[in-house]
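Note: the block below is target_0.csv and it holds CSV, C-alpha atoms.
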```csv
chain,number,residue,atom,x,y,z
R,14,MET,CA,-78.6,-84.5,27.3
R,15,THR,CA,-76.7,-82.0,29.6
R,16,ILE,CA,-77.8,-78.5,30.5
R,17,ARG,CA,-75.0,-77.2,28.2
R,18,ASP,CA,-76.4,-79.1,25.3
R,19,LYS,CA,-79.9,-77.8,25.9
R,20,LYS,CA,-78.7,-74.2,26.0
R,21,TYR,CA,-76.7,-74.7,22.8
R,22,LYS,CA,-79.7,-76.2,21.0
R,23,GLN,CA,-81.7,-73.1,21.7
R,24,GLY,CA,-79.5,-71.1,19.3
R,25,PRO,CA,-76.4,-69.0,19.2
R,26,LEU,CA,-77.9,-65.9,20.8
R,27,TYR,CA,-79.3,-67.9,23.7
R,28,SER,CA,-76.0,-69.7,24.2
R,29,LEU,CA,-73.9,-66.6,24.1
R,30,THR,CA,-76.0,-64.4,26.4
R,31,HIS,CA,-76.2,-67.1,29.0
R,32,ALA,CA,-72.5,-67.7,28.8
R,33,MET,CA,-71.9,-63.9,29.2
R,34,GLN,CA,-73.9,-64.0,32.5
R,35,ARG,CA,-71.3,-66.4,33.9
R,36,ILE,CA,-68.1,-64.9,32.5
R,37,ARG,CA,-66.2,-62.6,34.9
R,38,GLY,CA,-63.7,-59.9,33.9
R,39,SER,CA,-63.2,-57.8,30.8
R,40,TYR,CA,-63.6,-59.2,27.3
R,41,ALA,CA,-64.4,-58.5,23.6
R,42,LEU,CA,-65.5,-61.7,21.8
R,43,ALA,CA,-66.1,-62.8,18.3
R,44,VAL,CA,-67.7,-66.2,18.1
R,45,MET,CA,-68.7,-68.5,15.2
R,46,PHE,CA,-71.0,-71.5,15.4
R,47,LYS,CA,-70.5,-74.5,13.2
R,48,GLU,CA,-74.2,-74.7,12.4
R,49,TYR,CA,-74.3,-71.0,11.4
R,50,PRO,CA,-71.3,-70.5,9.1
R,51,GLU,CA,-72.4,-67.2,7.6
R,52,LEU,CA,-72.9,-65.4,11.0
R,53,ILE,CA,-70.4,-64.0,13.5
R,54,TYR,CA,-71.6,-63.1,17.0
R,55,ALA,CA,-69.7,-60.4,18.9
R,56,ALA,CA,-70.0,-59.3,22.5
R,57,ARG,CA,-68.1,-57.0,24.9
R,58,LYS,CA,-67.7,-55.9,28.5
R,59,ASP,CA,-65.2,-53.2,29.4
R,60,SER,CA,-63.1,-53.9,26.3
R,61,PRO,CA,-63.4,-51.9,23.0
R,62,LEU,CA,-65.3,-53.3,20.1
R,63,VAL,CA,-66.2,-51.5,16.9
R,64,ILE,CA,-68.5,-52.8,14.1
R,65,GLY,CA,-68.8,-51.6,10.5
R,66,VAL,CA,-71.2,-52.7,7.8
R,67,LYS,CA,-71.0,-51.9,4.0
R,68,ASN,CA,-72.6,-53.6,1.0
R,69,ASP,CA,-72.4,-57.4,1.6
R,70,ALA,CA,-69.7,-57.3,4.2
R,71,ALA,CA,-69.4,-56.7,8.0
R,72,PHE,CA,-66.3,-55.8,10.0
R,73,LEU,CA,-65.3,-55.9,13.6
R,74,ALA,CA,-62.2,-54.7,15.4
R,75,SER,CA,-61.0,-53.2,18.7
R,76,ASP,CA,-60.5,-49.8,17.0
R,77,VAL,CA,-61.8,-47.9,14.0
R,78,THR,CA,-58.4,-47.7,12.3
R,79,PRO,CA,-58.6,-51.0,10.4
R,80,ILE,CA,-62.3,-50.4,9.4
R,81,ILE,CA,-62.2,-46.9,8.0
R,82,ARG,CA,-60.7,-48.1,4.7
R,83,TYR,CA,-64.0,-50.0,4.1
R,84,THR,CA,-66.6,-47.8,5.8
R,85,LYS,CA,-66.8,-44.6,7.9
R,86,GLN,CA,-70.1,-45.6,9.5
R,87,VAL,CA,-69.4,-47.6,12.7
R,88,TYR,CA,-71.4,-49.0,15.6
R,89,TYR,CA,-70.2,-49.1,19.2
R,90,ILE,CA,-72.1,-51.7,21.2
R,91,GLY,CA,-72.5,-51.2,25.0
R,92,ASP,CA,-71.3,-53.4,27.8
R,93,GLU,CA,-73.0,-56.9,27.9
R,94,GLN,CA,-74.6,-56.3,24.5
R,95,VAL,CA,-74.4,-58.7,21.5
R,96,ALA,CA,-74.1,-58.1,17.8
R,97,GLU,CA,-75.1,-60.6,15.1
R,98,LEU,CA,-73.2,-59.9,11.9
R,99,GLY,CA,-74.2,-61.3,8.5
R,100,LYS,CA,-73.5,-60.4,4.9
R,101,GLY,CA,-73.9,-56.6,5.1
R,102,THR,CA,-76.1,-56.8,8.2
R,103,ALA,CA,-75.7,-56.1,11.9
R,104,LYS,CA,-78.4,-56.7,14.5
R,105,PHE,CA,-78.0,-55.9,18.2
R,106,TYR,CA,-79.4,-57.5,21.3
R,107,ASN,CA,-79.3,-57.1,25.1
R,108,LEU,CA,-78.7,-59.9,27.6
R,109,ASP,CA,-82.5,-60.8,27.5
R,110,GLN,CA,-82.1,-61.4,23.7
R,111,GLU,CA,-84.3,-58.5,22.9
R,112,GLU,CA,-83.3,-56.7,19.7
R,113,ILE,CA,-82.1,-53.1,20.4
R,114,LYS,CA,-81.4,-50.2,18.1
R,115,ILE,CA,-77.9,-48.6,18.0
R,116,GLU,CA,-77.3,-45.5,15.9
R,117,PRO,CA,-74.2,-45.5,13.7
R,118,LYS,CA,-71.4,-43.0,14.3
R,119,GLN,CA,-69.7,-41.2,11.4
R,120,VAL,CA,-65.9,-41.3,11.5
R,121,THR,CA,-64.3,-38.2,10.1
R,122,TRP,CA,-60.9,-39.7,9.6
R,123,ASP,CA,-59.9,-41.0,6.1
R,124,ALA,CA,-58.1,-44.1,5.2
R,125,GLU,CA,-54.9,-42.2,4.2
R,126,ALA,CA,-54.7,-41.0,7.8
R,127,ALA,CA,-54.1,-44.6,8.8
R,128,GLU,CA,-51.2,-45.1,6.3
R,129,LYS,CA,-47.5,-44.1,6.7
R,130,ASN,CA,-47.6,-41.9,3.6
R,131,GLY,CA,-43.9,-42.3,2.9
R,132,TYR,CA,-42.7,-41.9,6.4
R,133,GLU,CA,-40.4,-44.6,7.8
R,134,HIS,CA,-42.7,-45.5,10.6
R,135,PHE,CA,-45.9,-44.2,12.2
R,136,MET,CA,-44.3,-42.5,15.1
R,137,ILE,CA,-42.2,-40.1,12.9
R,138,LYS,CA,-45.3,-39.5,10.8
R,139,GLU,CA,-47.4,-38.6,13.9
R,140,ILE,CA,-44.7,-36.3,15.2
R,141,HIS,CA,-45.0,-34.3,12.0
R,142,GLU,CA,-48.8,-34.3,12.3
R,143,GLN,CA,-48.7,-32.5,15.6
R,144,PRO,CA,-49.1,-29.0,14.2
R,145,ASN,CA,-52.2,-29.9,12.3
R,146,ALA,CA,-53.7,-31.8,15.2
R,147,VAL,CA,-53.2,-28.8,17.5
R,148,LYS,CA,-54.5,-26.4,14.9
R,149,ASP,CA,-57.6,-28.5,14.2
R,150,THR,CA,-58.3,-28.8,17.9
R,151,ILE,CA,-58.0,-25.1,18.4
R,152,ASN,CA,-60.2,-24.3,15.4
R,153,SER,CA,-62.9,-26.8,16.6
R,154,VAL,CA,-63.7,-24.5,19.6
R,155,ILE,CA,-62.3,-21.1,18.9
R,156,LYS,CA,-64.3,-19.1,16.4
R,157,ASP,CA,-63.7,-15.4,15.5
R,158,GLY,CA,-61.2,-15.1,18.3
R,159,LYS,CA,-63.5,-16.4,21.0
R,160,ILE,CA,-63.7,-19.7,22.8
R,161,ASN,CA,-67.0,-21.5,22.6
R,162,LEU,CA,-67.5,-24.5,24.8
R,163,LYS,CA,-71.3,-24.5,24.8
R,164,GLU,CA,-71.5,-27.7,22.7
R,165,ILE,CA,-69.2,-29.3,25.2
R,166,GLY,CA,-71.6,-28.2,28.0
R,167,ILE,CA,-69.2,-26.0,29.9
R,168,ASP,CA,-71.0,-22.6,30.4
R,169,GLN,CA,-70.6,-19.8,32.9
R,170,GLU,CA,-73.4,-20.8,35.2
R,171,SER,CA,-72.3,-24.4,35.6
R,172,SER,CA,-68.6,-23.5,35.9
R,173,LYS,CA,-69.3,-21.2,38.9
R,174,LYS,CA,-70.6,-24.4,40.7
R,175,ILE,CA,-67.2,-26.1,40.4
R,176,HIS,CA,-65.4,-26.2,43.8
R,177,LYS,CA,-62.6,-28.6,42.8
R,178,ILE,CA,-61.3,-30.3,39.6
R,179,THR,CA,-59.9,-33.8,39.6
R,180,ILE,CA,-58.0,-34.9,36.5
R,181,VAL,CA,-57.7,-38.7,35.9
R,182,GLY,CA,-55.5,-40.4,33.3
R,183,CYS,CA,-53.0,-43.2,32.6
R,184,GLY,CA,-49.5,-42.8,31.2
R,185,SER,CA,-49.2,-39.7,29.0
R,186,ALA,CA,-52.7,-38.6,29.8
R,187,TYR,CA,-51.7,-38.4,33.5
R,188,HIS,CA,-48.8,-36.2,32.5
R,189,VAL,CA,-51.2,-33.9,30.6
R,190,GLY,CA,-53.1,-33.7,33.9
R,191,VAL,CA,-49.9,-32.8,35.8
R,192,ALA,CA,-49.3,-29.8,33.4
R,193,ALA,CA,-53.0,-29.0,33.6
R,194,GLN,CA,-52.9,-28.6,37.4
R,195,TYR,CA,-50.5,-25.7,37.0
R,196,VAL,CA,-52.4,-24.1,34.1
R,197,ILE,CA,-55.9,-24.4,35.6
R,198,GLU,CA,-54.9,-23.2,39.1
R,199,THR,CA,-53.0,-20.3,37.6
R,200,LEU,CA,-55.6,-19.1,35.1
R,201,ALA,CA,-58.9,-20.2,36.7
R,202,ARG,CA,-58.0,-20.3,40.4
R,203,ILE,CA,-59.8,-23.6,40.9
R,204,PRO,CA,-58.1,-26.3,43.1
R,205,VAL,CA,-56.9,-29.2,41.0
R,206,ARG,CA,-55.9,-32.7,42.0
R,207,VAL,CA,-54.3,-35.1,39.5
R,208,GLU,CA,-54.8,-38.9,39.9
R,209,LEU,CA,-53.4,-42.0,38.2
R,210,ALA,CA,-56.5,-43.8,36.9
R,211,SER,CA,-55.1,-47.2,38.0
R,212,GLU,CA,-55.1,-46.0,41.7
R,213,TYR,CA,-58.1,-43.8,41.7
R,214,ARG,CA,-60.9,-46.3,42.5
R,215,TYR,CA,-58.8,-48.2,45.1
R,216,ARG,CA,-58.2,-45.3,47.4
R,217,ASN,CA,-61.9,-44.3,48.0
R,218,PRO,CA,-61.6,-40.8,46.6
R,219,ILE,CA,-63.7,-37.9,47.9
R,220,VAL,CA,-65.7,-36.4,45.1
R,221,ASN,CA,-69.2,-35.0,45.1
R,222,GLU,CA,-71.7,-32.9,43.0
R,223,ASN,CA,-69.6,-29.8,43.3
R,224,ASP,CA,-66.6,-31.4,41.7
R,225,LEU,CA,-65.7,-31.7,38.0
R,226,VAL,CA,-63.8,-34.9,37.2
R,227,ILE,CA,-61.9,-34.7,33.9
R,228,VAL,CA,-61.0,-38.1,32.4
R,229,ILE,CA,-58.3,-37.9,29.6
R,230,SER,CA,-57.9,-40.8,27.2
R,231,GLN,CA,-56.9,-40.9,23.5
R,232,SER,CA,-58.9,-44.0,22.7
R,233,GLY,CA,-61.8,-43.3,25.1
R,234,GLU,CA,-61.6,-47.0,26.1
R,235,THR,CA,-58.8,-47.0,28.7
R,236,ALA,CA,-60.1,-49.5,31.2
R,237,ASP,CA,-58.8,-47.9,34.4
R,238,SER,CA,-59.9,-44.4,33.2
R,239,LEU,CA,-63.4,-45.7,32.3
R,240,ALA,CA,-63.7,-47.3,35.8
R,241,ALA,CA,-62.7,-44.0,37.4
R,242,LEU,CA,-65.3,-42.2,35.3
R,243,ARG,CA,-68.0,-44.6,36.5
R,244,LEU,CA,-67.0,-44.3,40.1
R,245,SER,CA,-67.1,-40.5,39.8
R,246,LYS,CA,-70.6,-40.5,38.3
R,247,LYS,CA,-71.8,-42.9,41.0
R,248,ARG,CA,-70.7,-40.3,43.5
R,249,LYS,CA,-72.6,-37.6,41.6
R,250,ALA,CA,-69.6,-35.6,40.4
R,251,ARG,CA,-69.9,-33.9,37.0
R,252,THR,CA,-67.6,-35.6,34.4
R,253,LEU,CA,-65.8,-34.3,31.3
R,254,GLY,CA,-64.1,-36.7,28.9
R,255,ILE,CA,-61.2,-35.4,26.8
R,256,VAL,CA,-61.0,-38.0,24.1
R,257,ASN,CA,-60.0,-38.5,20.4
R,258,VAL,CA,-62.4,-41.2,19.3
R,259,ILE,CA,-66.1,-40.3,18.6
R,260,GLY,CA,-68.6,-42.7,20.2
R,261,SER,CA,-66.0,-44.4,22.5
R,262,SER,CA,-67.1,-45.6,25.9
R,263,ILE,CA,-65.8,-42.6,27.8
R,264,ALA,CA,-67.3,-40.2,25.2
R,265,ARG,CA,-70.7,-42.0,25.6
R,266,GLU,CA,-70.7,-42.2,29.4
R,267,ALA,CA,-69.2,-38.8,30.4
R,268,ASP,CA,-71.6,-35.9,31.1
R,269,HIS,CA,-69.6,-33.7,28.7
R,270,VAL,CA,-67.1,-34.4,26.0
R,271,PHE,CA,-64.3,-32.4,24.6
R,272,TYR,CA,-63.1,-34.1,21.4
R,273,ILE,CA,-59.5,-33.4,20.3
R,274,VAL,CA,-59.1,-33.5,16.6
R,275,ALA,CA,-56.0,-35.6,16.2
R,276,GLY,CA,-57.1,-38.3,13.7
R,277,PRO,CA,-55.9,-41.9,14.2
R,278,GLU,CA,-52.9,-42.4,16.5
R,279,ILE,CA,-51.3,-45.7,15.6
R,280,ALA,CA,-47.8,-45.3,17.2
R,281,VAL,CA,-47.6,-46.7,20.7
R,282,ALA,CA,-45.6,-43.8,22.0
R,283,THR,CA,-48.1,-40.9,21.9
R,284,THR,CA,-47.3,-37.7,20.0
R,285,LYS,CA,-50.1,-35.7,18.5
R,286,ALA,CA,-52.8,-36.9,20.9
R,287,TYR,CA,-50.7,-35.6,23.8
R,288,SER,CA,-50.1,-32.3,22.2
R,289,ALA,CA,-53.9,-31.9,21.3
R,290,GLN,CA,-54.9,-33.0,24.8
R,291,LEU,CA,-52.6,-30.4,26.3
R,292,ILE,CA,-54.0,-27.6,24.0
R,293,ALA,CA,-57.5,-28.6,25.0
R,294,ILE,CA,-56.6,-28.2,28.7
R,295,TYR,CA,-55.2,-24.7,28.0
R,296,ILE,CA,-58.4,-23.7,26.2
R,297,LEU,CA,-60.5,-25.1,29.0
R,298,ALA,CA,-58.4,-23.2,31.6
R,299,ILE,CA,-58.6,-19.9,29.7
R,300,GLN,CA,-62.4,-20.2,29.4
R,301,LEU,CA,-62.8,-21.1,33.1
R,302,GLY,CA,-60.6,-18.1,34.0
R,303,ILE,CA,-62.9,-15.9,31.9
R,304,TYR,CA,-66.0,-17.3,33.5
R,305,ASN,CA,-64.6,-16.8,37.0
R,306,GLY,CA,-63.6,-13.2,36.2
R,307,ASN,CA,-60.0,-14.1,36.7
R,308,ILE,CA,-59.0,-13.2,33.1
R,309,SER,CA,-59.9,-9.8,31.6
R,310,GLN,CA,-61.1,-9.5,28.1
R,311,GLU,CA,-57.8,-7.9,27.1
R,312,ASN,CA,-55.8,-10.7,28.6
R,313,SER,CA,-58.1,-13.4,27.1
R,314,GLU,CA,-57.6,-12.0,23.6
R,315,ARG,CA,-53.8,-12.0,24.2
R,316,LEU,CA,-53.8,-15.6,25.3
R,317,ILE,CA,-56.1,-16.8,22.5
R,318,THR,CA,-53.9,-15.0,19.9
R,319,GLU,CA,-50.8,-16.6,21.4
R,320,LEU,CA,-52.5,-20.1,21.4
R,321,LYS,CA,-53.2,-19.7,17.6
R,322,THR,CA,-49.5,-19.1,16.9
R,323,ILE,CA,-48.5,-22.5,18.4
R,324,PRO,CA,-49.0,-24.7,15.3
R,325,ASP,CA,-46.7,-22.6,13.2
R,326,LYS,CA,-44.1,-22.6,16.0
R,327,MET,CA,-44.3,-26.4,16.1
R,328,LYS,CA,-43.8,-26.6,12.3
R,329,LYS,CA,-40.7,-24.4,12.6
R,330,VAL,CA,-39.2,-26.7,15.3
R,331,LEU,CA,-39.9,-29.8,13.1
R,332,GLU,CA,-38.2,-28.2,10.1
R,333,ASP,CA,-35.0,-28.3,12.2
R,334,LYS,CA,-35.3,-32.1,12.6
R,335,GLU,CA,-31.8,-33.0,11.3
R,336,ARG,CA,-30.1,-30.8,13.9
R,337,ILE,CA,-32.4,-32.1,16.6
R,338,GLN,CA,-31.6,-35.8,15.7
```
Would you give me this structure, written as structure tokens?
Amino acid sequence: MTIRDKKYKQGPLYSLTHAMQRIRGSYALAVMFKEYPELIYAARKDSPLVIGVKNDAAFLASDVTPIIRYTKQVYYIGDEQVAELGKGTAKFYNLDQEEIKIEPKQVTWDAEAAEKNGYEHFMIKEIHEQPNAVKDTINSVIKDGKINLKEIGIDQESSKKIHKITIVGCGSAYHVGVAAQYVIETLARIPVRVELASEYRYRNPIVNENDLVIVISQSGETADSLAALRLSKKRKARTLGIVNVIGSSIAREADHVFYIVAGPEIAVATTKAYSAQLIAIYILAIQLGIYNGNISQENSERLITELKTIPDKMKKVLEDKERIQ
């Protein structure tokens, strides 16, 4: 009998956890064993994996979108953790095969949000959802005409300790950062540097406890952005994730989280997530400007009032779609 046979005979959990210790790179696995046909074992490292359980069924996917039609309670397992899925059951284990407890997250999206609802394709649907995504993101943090970021963890005392802001993202999230550099430096007068997440960790960046590193990602699972977040935390910088998916890896690991309220974004070319990320940055810049005494109360009221007009202006533009096409 080989060592491989011995490990296999000690059961699926033993076999999988020992295999994971030898696997290199990123992965999200779903494994079935011939001797255990009613169980599925799942494991992950640096790749997204979402698990749902309802009645006598269990579901797993790389994103919540295909699961929400069945259940809105989902589990996000951590790196190098294992899930054992049965008929309506989910148990979770660490690499030492010890059972661990993971709290479920409630998804606020509904199943209709993941359907085309009469639109020709998802991209055109999500273009038309931009005004609501921006409005919902604004309303999540602006109450009675005032910005409130206390739940996010950005208060006046902590903001005064920020000497520099670094914004990290990939693709469209990087371009949000490019716009953010102008907005934050103008309104808050804090130096801003914008980094491509894919380059950030390879150039040995200079960050410390006086820096705020903002990581922008729609999914909260972008591999390069997640790696940049972990490096920033290792160097003691404060971190803020601007993400769309509750319970995602960046949301769990960042010191603070600013959730945009865009619902599921299925189209590859981003639309509403970009718009919502951009509005989140404007809100953050205004609040930092207020904290730093750079924006007067009168000016802040004017800016907030103007922000709240944006969703209707976006609707007006979209009503002219035939001429734009």
Find the residues around stretch 170-178 of chain R up to 8 Å (only C-alpha atoms counted), leave out those fewer than 3 positions away in its own chain, and share them as a VMD selection string.
chain R and resid 167 203 to 206 223 to 227 301 304 to 305
Now that the selection is made, can you save its residues with C-alpha atoms as a short mmCIF file (atom, residue, chain, number, x, y, z; two decimals), in the frame of the given file?
```cif
data_model
loop_
_atom_site.label_atom_id
_atom_site.label_comp_id
_atom_site.auth_asym_id
_atom_site.auth_seq_id
_atom_site.Cartn_x
_atom_site.Cartn_y
_atom_site.Cartn_z
CA ILE R 167 -69.20 -26.00 29.90
CA ILE R 203 -59.80 -23.60 40.90
CA PRO R 204 -58.10 -26.30 43.10
CA VAL R 205 -56.90 -29.20 41.00
CA ARG R 206 -55.90 -32.70 42.00
CA ASN R 223 -69.60 -29.80 43.30
CA ASP R 224 -66.60 -31.40 41.70
CA LEU R 225 -65.70 -31.70 38.00
CA VAL R 226 -63.80 -34.90 37.20
CA ILE R 227 -61.90 -34.70 33.90
CA LEU R 301 -62.80 -21.10 33.10
CA TYR R 304 -66.00 -17.30 33.50
CA ASN R 305 -64.60 -16.80 37.00
#
```
Mind pulling up the distance from atom CA of R:Thr150 to atom CA of R:Ala293?
7.1 Å
Who sits within 12 Å of R:His269, only C-alpha atoms, same chain under 6 positions skipped, as a VMD selection string:
chain R and resid 162 to 168 171 225 to 228 242 246 250 to 256 263
Using only C-alpha atoms, which of the listed residues (R:Thr179, R:Gln169, R:Asn152, R:Ser185) sits closest to R:Gly302?
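Among the listed residues, R:Gln169 lies closest to R:Gly302.
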Quick one: residues within 9 Å of R:Leu320, all atoms listed in the file counted, chain neighbours fewer than 3 positions away excluded, as a VMD selection string?
chain R and resid 151 292 295 to 296 315 to 317 323 to 324
Stretch 51-65 of chain R: which residues within 7 Å, counting only C-alpha atoms, same-chain residues fewer than 3 positions away excluded, as a VMD selection string?
chain R and resid 39 to 45 71 to 77 80 84 86 to 89 92 to 99 234 236
Generate the coordinates of all heavy atoms for stretch 155-165 of chain R; report them as an mmCIF file, in the coordinates of the input.
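File produced: result16.cif:
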```cif
data_model
loop_
_atom_site.group_PDB
_atom_site.id
_atom_site.type_symbol
_atom_site.label_atom_id
_atom_site.label_comp_id
_atom_site.auth_asym_id
_atom_site.auth_seq_id
_atom_site.Cartn_x
_atom_site.Cartn_y
_atom_site.Cartn_z
ATOM 1 N N ILE R 155 -62.536 -22.522 18.882
ATOM 2 C CA ILE R 155 -62.300 -21.100 18.900
ATOM 3 C C ILE R 155 -62.726 -20.524 17.514
ATOM 4 O O ILE R 155 -62.191 -20.872 16.465
ATOM 5 C CB ILE R 155 -60.782 -20.761 19.096
ATOM 6 C CG1 ILE R 155 -60.374 -21.211 20.508
ATOM 7 C CG2 ILE R 155 -60.513 -19.266 18.917
ATOM 8 C CD1 ILE R 155 -58.923 -20.928 20.862
ATOM 9 N N LYS R 156 -63.738 -19.666 17.556
ATOM 10 C CA LYS R 156 -64.300 -19.100 16.400
ATOM 11 C C LYS R 156 -64.262 -17.540 16.509
ATOM 12 O O LYS R 156 -64.675 -17.006 17.555
ATOM 13 C CB LYS R 156 -65.755 -19.504 16.137
ATOM 14 C CG LYS R 156 -65.992 -21.011 16.252
ATOM 15 C CD LYS R 156 -65.459 -21.767 15.069
ATOM 16 C CE LYS R 156 -65.821 -23.259 15.179
ATOM 17 N NZ LYS R 156 -65.205 -24.052 14.106
ATOM 18 N N ASP R 157 -63.782 -16.865 15.477
ATOM 19 C CA ASP R 157 -63.700 -15.400 15.500
ATOM 20 C C ASP R 157 -63.027 -14.861 16.734
ATOM 21 O O ASP R 157 -63.456 -13.862 17.353
ATOM 22 C CB ASP R 157 -65.137 -14.798 15.398
ATOM 23 C CG ASP R 157 -65.866 -15.244 14.127
ATOM 24 O OD1 ASP R 157 -65.205 -15.297 13.072
ATOM 25 O OD2 ASP R 157 -67.070 -15.536 14.209
ATOM 26 N N GLY R 158 -61.953 -15.558 17.125
ATOM 27 C CA GLY R 158 -61.200 -15.100 18.300
ATOM 28 C C GLY R 158 -61.764 -15.331 19.624
ATOM 29 O O GLY R 158 -61.254 -14.827 20.630
ATOM 30 N N LYS R 159 -62.857 -16.112 19.701
ATOM 31 C CA LYS R 159 -63.500 -16.400 21.000
ATOM 32 C C LYS R 159 -63.666 -17.880 21.197
ATOM 33 O O LYS R 159 -63.956 -18.617 20.256
ATOM 34 C CB LYS R 159 -64.856 -15.686 21.069
ATOM 35 C CG LYS R 159 -64.758 -14.169 21.116
ATOM 36 C CD LYS R 159 -66.122 -13.541 21.324
ATOM 37 C CE LYS R 159 -65.999 -12.019 21.420
ATOM 38 N NZ LYS R 159 -67.323 -11.378 21.610
ATOM 39 N N ILE R 160 -63.492 -18.293 22.454
ATOM 40 C CA ILE R 160 -63.700 -19.700 22.800
ATOM 41 C C ILE R 160 -65.174 -19.966 22.982
ATOM 42 O O ILE R 160 -65.883 -19.200 23.624
ATOM 43 C CB ILE R 160 -62.938 -20.049 24.114
ATOM 44 C CG1 ILE R 160 -61.433 -19.825 23.947
ATOM 45 C CG2 ILE R 160 -63.214 -21.493 24.535
ATOM 46 C CD1 ILE R 160 -60.645 -19.914 25.248
ATOM 47 N N ASN R 161 -65.635 -21.076 22.414
ATOM 48 C CA ASN R 161 -67.000 -21.500 22.600
ATOM 49 C C ASN R 161 -67.108 -22.938 22.982
ATOM 50 O O ASN R 161 -66.871 -23.837 22.169
ATOM 51 C CB ASN R 161 -67.800 -21.250 21.250
ATOM 52 C CG ASN R 161 -69.285 -21.525 21.398
ATOM 53 O OD1 ASN R 161 -69.733 -22.094 22.392
ATOM 54 N ND2 ASN R 161 -70.068 -21.125 20.400
ATOM 55 N N LEU R 162 -67.405 -23.153 24.246
ATOM 56 C CA LEU R 162 -67.500 -24.500 24.800
ATOM 57 C C LEU R 162 -68.928 -24.937 25.079
ATOM 58 O O LEU R 162 -69.170 -25.882 25.811
ATOM 59 C CB LEU R 162 -66.644 -24.648 26.063
ATOM 60 C CG LEU R 162 -65.148 -24.337 25.937
ATOM 61 C CD1 LEU R 162 -64.444 -24.577 27.269
ATOM 62 C CD2 LEU R 162 -64.490 -25.159 24.839
ATOM 63 N N LYS R 163 -69.896 -24.217 24.483
ATOM 64 C CA LYS R 163 -71.300 -24.500 24.800
ATOM 65 C C LYS R 163 -71.679 -25.913 24.315
ATOM 66 O O LYS R 163 -72.441 -26.616 24.985
ATOM 67 C CB LYS R 163 -72.200 -23.473 24.098
ATOM 68 C CG LYS R 163 -72.185 -22.135 24.827
ATOM 69 C CD LYS R 163 -73.148 -21.146 24.211
ATOM 70 C CE LYS R 163 -73.105 -19.818 24.962
ATOM 71 N NZ LYS R 163 -73.979 -18.804 24.340
ATOM 72 N N GLU R 164 -71.159 -26.340 23.154
ATOM 73 C CA GLU R 164 -71.500 -27.700 22.700
ATOM 74 C C GLU R 164 -70.907 -28.752 23.621
ATOM 75 O O GLU R 164 -71.432 -29.858 23.725
ATOM 76 C CB GLU R 164 -70.939 -27.898 21.263
ATOM 77 C CG GLU R 164 -71.751 -27.169 20.206
ATOM 78 C CD GLU R 164 -71.310 -27.542 18.801
ATOM 79 O OE1 GLU R 164 -70.609 -28.563 18.644
ATOM 80 O OE2 GLU R 164 -71.673 -26.803 17.870
ATOM 81 N N ILE R 165 -69.822 -28.415 24.286
ATOM 82 C CA ILE R 165 -69.200 -29.300 25.200
ATOM 83 C C ILE R 165 -70.026 -29.374 26.531
ATOM 84 O O ILE R 165 -70.006 -30.346 27.274
ATOM 85 C CB ILE R 165 -67.747 -28.937 25.492
ATOM 86 C CG1 ILE R 165 -66.941 -29.128 24.205
ATOM 87 C CG2 ILE R 165 -67.119 -29.717 26.636
ATOM 88 C CD1 ILE R 165 -65.591 -28.472 24.227
#
```
